[in-house]
Amino acid sequence: GAVVSQHPSRVICKSGTSVKIECRSLDFQATTMFWYRQFPKQSLMLMATSNEGSKATYEQGVEKDKFLINHASLTLSTLTVTSAHPEDSSFYICSASPEPYNEQFFGPGTRLTVL
Amino acid sequence: GQQLNQSPQSMFIQEGEDVSMNCTSSSIFNTWLWYKQDPGEGPVLLIALYKAGELTSNGRLTAQFGITRKDSFLNISASIPSDVGIYFCAGQLRYTGANSKLTFGKGITLSVRP
């Protein structure tokens, strides 16, 4: 079945540093990948839609210069949190669709803690 | 951003009981999905519904796509301890492209007493 991986699973960084999170579709190609953020006891909130070979589409209120998304290949999208602050601490989850199917498969998530 | 309505936030049931969860929206969706999330993990798809009025089963799970396309329900029968987790509903407007993004409900935390 379709498997999506994320790396790292957990990361702790100091305030002001940048952190890169990888999302890979392991056994299918994904033209579109999605990045979500989930705070404790809350729902998943879509941050951006990542399209291979083009610029990501960000949701309202999400700073594109702070959350850099690169979708360089059909199996890899990266999210870089720049100049991280403690309020960026959250659970970041990606998903991918093996188009033309509409089902989204989710990665296991990355727990980011900014000290 | 928009969220779907799920309530209550938490449900507590006895092992063996059935439980039903509802999800409503102020706008229509063309696809409804139900996910389960365990702590510290990503959501896993349980059931996908593609047509208004559709009733679909997956083992002990049954879900229906409302006729108005603004609601859906999920029923779990004969609950077992491993049913514990957070259940999210999600709506999707289109199959592909930018409008294939998912809008999630707030989730319902289900606890099952042995």
# chains A, B, ... in the order shown; residues from 1 in each chain; ligands from 1
$ residues_around --residues "A:Phe106" --least-positions-apart "3" --cutoff "7 Å" --atoms "only C-alpha atoms" --output "ChimeraX atom specification"
/A:4,94-96 /B:42-44
$ residues_around --residues "stretch 63-77 of chain B" --least-positions-apart "2" --cutoff "6 Å" --atoms "only C-alpha atoms" --output "PyMOL selection string"
chain B and resi 18-25+27-29+52-56+60-61+79
$ write_last_selection --atoms "N, CA and C atoms" --output "CSV table (one decimal), in the first residue's frame"
chain,number,residue,atom,x,y,z
B,18,ASP,N,-21.9,0.0,20.9
B,18,ASP,CA,-21.8,0.7,19.6
B,18,ASP,C,-21.7,2.2,19.9
B,19,VAL,N,-21.0,2.9,19.0
B,19,VAL,CA,-20.9,4.4,19.1
B,19,VAL,C,-21.1,5.0,17.8
B,20,SER,N,-21.7,6.2,17.8
B,20,SER,CA,-22.0,6.9,16.5
B,20,SER,C,-21.4,8.3,16.6
B,21,MET,N,-20.8,8.8,15.6
B,21,MET,CA,-20.2,10.1,15.6
B,21,MET,C,-20.8,10.9,14.3
B,22,ASN,N,-21.0,12.1,14.5
B,22,ASN,CA,-21.6,12.9,13.5
B,22,ASN,C,-20.6,14.1,13.1
B,23,CYS,N,-20.7,14.5,11.8
B,23,CYS,CA,-19.9,15.6,11.4
B,23,CYS,C,-20.7,16.5,10.4
B,24,THR,N,-20.7,17.8,10.7
B,24,THR,CA,-21.6,18.6,9.9
B,24,THR,C,-20.7,19.8,9.3
B,25,SER,N,-21.2,20.4,8.3
B,25,SER,CA,-20.5,21.5,7.6
B,25,SER,C,-21.5,22.5,7.1
B,27,SER,N,-21.0,24.2,4.4
B,27,SER,CA,-20.9,24.1,3.0
B,27,SER,C,-20.8,22.7,2.5
B,28,ILE,N,-21.0,22.5,1.2
B,28,ILE,CA,-21.0,21.1,0.7
B,28,ILE,C,-19.6,20.6,0.4
B,29,PHE,N,-19.5,19.3,0.4
B,29,PHE,CA,-18.3,18.6,0.0
B,29,PHE,C,-18.7,17.5,-0.9
B,52,ALA,N,-23.3,11.3,-2.6
B,52,ALA,CA,-24.3,11.6,-1.6
B,52,ALA,C,-25.3,10.5,-1.4
B,53,GLY,N,-25.5,10.2,-0.1
B,53,GLY,CA,-26.4,9.0,0.2
B,53,GLY,C,-25.7,7.7,0.4
B,54,GLU,N,-24.4,7.7,0.0
B,54,GLU,CA,-23.6,6.4,0.0
B,54,GLU,C,-23.5,5.9,1.4
B,55,LEU,N,-23.6,4.6,1.6
B,55,LEU,CA,-23.4,4.0,2.9
B,55,LEU,C,-22.3,2.9,2.7
B,56,THR,N,-21.2,3.0,3.4
B,56,THR,CA,-20.1,2.2,3.2
B,56,THR,C,-19.6,1.5,4.5
B,60,ARG,N,-16.1,-3.4,11.3
B,60,ARG,CA,-17.1,-3.0,12.3
B,60,ARG,C,-17.5,-1.5,12.1
B,61,LEU,N,-16.9,-0.9,11.1
B,61,LEU,CA,-17.2,0.6,10.9
B,61,LEU,C,-18.2,0.7,9.7
B,79,SER,N,-17.5,-2.2,20.1
B,79,SER,CA,-16.2,-1.5,20.3
B,79,SER,C,-15.2,-2.4,21.1
$ closest_atom_pairs --of "chain A" --to "chain B" --cutoff "6 Å" --atoms "only C-alpha atoms" --output "JSON lines"
{"residue": "A:Ser43", "atom": "CA", "partner": "B:Lys106", "partner_atom": "CA", "distance": 4.8}
{"residue": "A:Asn102", "atom": "CA", "partner": "B:Tyr95", "partner_atom": "CA", "distance": 4.7}
{"residue": "A:Phe106", "atom": "CA", "partner": "B:Gly42", "partner_atom": "CA", "distance": 5.8}
{"residue": "A:Gly107", "atom": "CA", "partner": "B:Gly42", "partner_atom": "CA", "distance": 5.6}
{"residue": "A:Pro108", "atom": "CA", "partner": "B:Gly42", "partner_atom": "CA", "distance": 4.3}
{"residue": "A:Gly109", "atom": "CA", "partner": "B:Gly42", "partner_atom": "CA", "distance": 5.5}
$ write_last_selection --atoms "all heavy atoms" --output "mmCIF file, in the first residue's frame"
data_model
loop_
_atom_site.group_PDB
_atom_site.id
_atom_site.type_symbol
_atom_site.label_atom_id
_atom_site.label_comp_id
_atom_site.auth_asym_id
_atom_site.auth_seq_id
_atom_site.Cartn_x
_atom_site.Cartn_y
_atom_site.Cartn_z
ATOM 1 N N SER A 43 -7.131 20.022 15.941
ATOM 2 C CA SER A 43 -7.252 19.353 14.656
ATOM 3 C C SER A 43 -6.045 19.653 13.767
ATOM 4 O O SER A 43 -5.180 20.444 14.120
ATOM 5 C CB SER A 43 -8.527 19.819 13.968
ATOM 6 O OG SER A 43 -8.733 19.087 12.777
ATOM 7 N N ASN A 102 -7.773 10.274 -5.370
ATOM 8 C CA ASN A 102 -7.903 11.422 -4.486
ATOM 9 C C ASN A 102 -7.549 11.096 -3.053
ATOM 10 O O ASN A 102 -7.491 11.979 -2.224
ATOM 11 C CB ASN A 102 -9.324 11.962 -4.537
ATOM 12 C CG ASN A 102 -10.327 10.935 -4.027
ATOM 13 O OD1 ASN A 102 -10.085 9.754 -4.068
ATOM 14 N ND2 ASN A 102 -11.454 11.411 -3.534
ATOM 15 N N PHE A 106 -1.108 9.821 4.817
ATOM 16 C CA PHE A 106 -0.401 10.689 5.740
ATOM 17 C C PHE A 106 0.895 10.067 6.238
ATOM 18 O O PHE A 106 1.003 8.847 6.418
ATOM 19 C CB PHE A 106 -1.301 11.021 6.938
ATOM 20 C CG PHE A 106 -2.363 12.024 6.622
ATOM 21 C CD1 PHE A 106 -3.543 11.629 6.014
ATOM 22 C CD2 PHE A 106 -2.173 13.367 6.896
ATOM 23 C CE1 PHE A 106 -4.532 12.559 5.693
ATOM 24 C CE2 PHE A 106 -3.147 14.308 6.589
ATOM 25 C CZ PHE A 106 -4.322 13.899 5.985
ATOM 26 N N GLY A 107 1.877 10.929 6.461
ATOM 27 C CA GLY A 107 3.103 10.515 7.104
ATOM 28 C C GLY A 107 2.898 10.372 8.599
ATOM 29 O O GLY A 107 1.844 10.750 9.130
ATOM 30 N N PRO A 108 3.891 9.859 9.303
ATOM 31 C CA PRO A 108 3.762 9.645 10.752
ATOM 32 C C PRO A 108 3.929 10.902 11.585
ATOM 33 O O PRO A 108 3.721 10.865 12.795
ATOM 34 C CB PRO A 108 4.882 8.646 11.048
ATOM 35 C CG PRO A 108 5.904 8.928 9.997
ATOM 36 C CD PRO A 108 5.135 9.325 8.781
ATOM 37 N N GLY A 109 4.301 12.011 10.943
ATOM 38 C CA GLY A 109 4.425 13.259 11.674
ATOM 39 C C GLY A 109 5.817 13.518 12.208
ATOM 40 O O GLY A 109 6.614 12.594 12.408
#
$ select_by_dssp --residues "chain B" --states "helix (DSSP H, G or I)" --output "list in words"
Pro81, Ser82, Asp83, Ala98, Asn99 and Ser100 of chain B
$ write_last_selection --atoms "N, CA, C and O atoms" --output "short mmCIF file (atom, residue, chain, number, x, y, z; two decimals), in the first residue's frame"
data_model
loop_
_atom_site.label_atom_id
_atom_site.label_comp_id
_atom_site.auth_asym_id
_atom_site.auth_seq_id
_atom_site.Cartn_x
_atom_site.Cartn_y
_atom_site.Cartn_z
N PRO B 81 -10.99 -2.39 22.84
CA PRO B 81 -10.02 -1.44 23.39
C PRO B 81 -9.16 -0.73 22.34
O PRO B 81 -8.82 0.44 22.51
N SER B 82 -8.83 -1.39 21.26
CA SER B 82 -7.96 -0.76 20.25
C SER B 82 -8.70 0.30 19.42
O SER B 82 -8.09 0.97 18.59
N ASP B 83 -9.99 0.47 19.66
CA ASP B 83 -10.73 1.55 19.00
C ASP B 83 -10.41 2.90 19.63
O ASP B 83 -10.79 3.95 19.09
N ALA B 98 -5.75 21.88 -6.64
CA ALA B 98 -5.72 22.69 -5.42
C ALA B 98 -6.92 22.43 -4.53
O ALA B 98 -6.82 22.47 -3.30
N ASN B 99 -8.07 22.15 -5.11
CA ASN B 99 -9.26 21.94 -4.30
C ASN B 99 -9.37 20.51 -3.78
O ASN B 99 -10.42 20.12 -3.25
N SER B 100 -8.30 19.74 -3.92
CA SER B 100 -8.32 18.41 -3.33
C SER B 100 -7.85 18.45 -1.89
O SER B 100 -7.75 17.42 -1.24
#
$ closest_residue --among "B:Cys89, B:Leu49, B:Pro114, B:Val84" --to "B:Ser10" --atoms "only C-alpha atoms"
B:Val84
$ closest_residue --among "B:Met11, B:Leu93, B:Leu46, B:Val112" --to "A:Phe105" --atoms "only C-alpha atoms"
B:Leu46
$ decode --residues "stretch 46-63 of chain B" --atoms "N, CA, C and O atoms" --output "compact mmCIF listing (two decimals), in the first residue's frame"
# COMPACT_ATOMS: atom_id res chain seq x y z
N LEU B 46 -9.97 5.56 7.44
CA LEU B 46 -10.86 4.46 7.80
C LEU B 46 -11.85 4.17 6.68
O LEU B 46 -12.02 3.04 6.25
N ILE B 47 -12.54 5.22 6.26
CA ILE B 47 -13.58 5.06 5.24
C ILE B 47 -13.61 6.33 4.40
O ILE B 47 -13.49 7.43 4.91
N ALA B 48 -13.82 6.15 3.08
CA ALA B 48 -13.99 7.27 2.17
C ALA B 48 -15.36 7.15 1.50
O ALA B 48 -15.77 6.05 1.11
N LEU B 49 -16.05 8.27 1.37
CA LEU B 49 -17.39 8.30 0.78
C LEU B 49 -17.39 9.28 -0.37
O LEU B 49 -16.97 10.43 -0.21
N TYR B 50 -17.88 8.84 -1.53
CA TYR B 50 -17.74 9.64 -2.73
C TYR B 50 -19.07 10.12 -3.33
O TYR B 50 -19.06 10.91 -4.28
N LYS B 51 -20.19 9.63 -2.80
CA LYS B 51 -21.47 9.94 -3.43
C LYS B 51 -22.52 10.22 -2.36
O LYS B 51 -22.63 9.49 -1.36
N ALA B 52 -23.29 11.30 -2.55
CA ALA B 52 -24.33 11.64 -1.60
C ALA B 52 -25.27 10.46 -1.39
O ALA B 52 -25.72 9.84 -2.35
N GLY B 53 -25.54 10.16 -0.12
CA GLY B 53 -26.41 9.04 0.22
C GLY B 53 -25.67 7.72 0.37
O GLY B 53 -26.23 6.74 0.87
N GLU B 54 -24.42 7.68 -0.02
CA GLU B 54 -23.65 6.43 0.02
C GLU B 54 -23.48 5.94 1.44
O GLU B 54 -23.20 6.71 2.35
N LEU B 55 -23.65 4.64 1.62
CA LEU B 55 -23.43 3.97 2.90
C LEU B 55 -22.34 2.93 2.69
O LEU B 55 -22.48 2.05 1.84
N THR B 56 -21.25 3.05 3.43
CA THR B 56 -20.09 2.17 3.21
C THR B 56 -19.64 1.55 4.52
O THR B 56 -19.64 2.21 5.55
N SER B 57 -19.27 0.28 4.46
CA SER B 57 -18.79 -0.42 5.65
C SER B 57 -17.36 -0.89 5.47
O SER B 57 -16.92 -1.19 4.35
N ASN B 58 -16.65 -0.94 6.59
CA ASN B 58 -15.29 -1.45 6.62
C ASN B 58 -15.15 -2.21 7.94
O ASN B 58 -14.83 -1.64 8.98
N GLY B 59 -15.47 -3.49 7.89
CA GLY B 59 -15.45 -4.28 9.12
C GLY B 59 -16.55 -3.82 10.07
O GLY B 59 -17.72 -3.79 9.72
N ARG B 60 -16.15 -3.42 11.28
CA ARG B 60 -17.13 -2.95 12.27
C ARG B 60 -17.49 -1.49 12.09
O ARG B 60 -18.28 -0.94 12.85
N LEU B 61 -16.94 -0.85 11.09
CA LEU B 61 -17.19 0.56 10.85
C LEU B 61 -18.19 0.73 9.70
O LEU B 61 -18.09 0.03 8.70
N THR B 62 -19.11 1.66 9.90
CA THR B 62 -20.07 2.02 8.85
C THR B 62 -20.14 3.52 8.80
O THR B 62 -20.21 4.19 9.84
N ALA B 63 -20.11 4.09 7.59
CA ALA B 63 -20.20 5.54 7.46
C ALA B 63 -21.18 5.87 6.35
O ALA B 63 -21.37 5.09 5.41
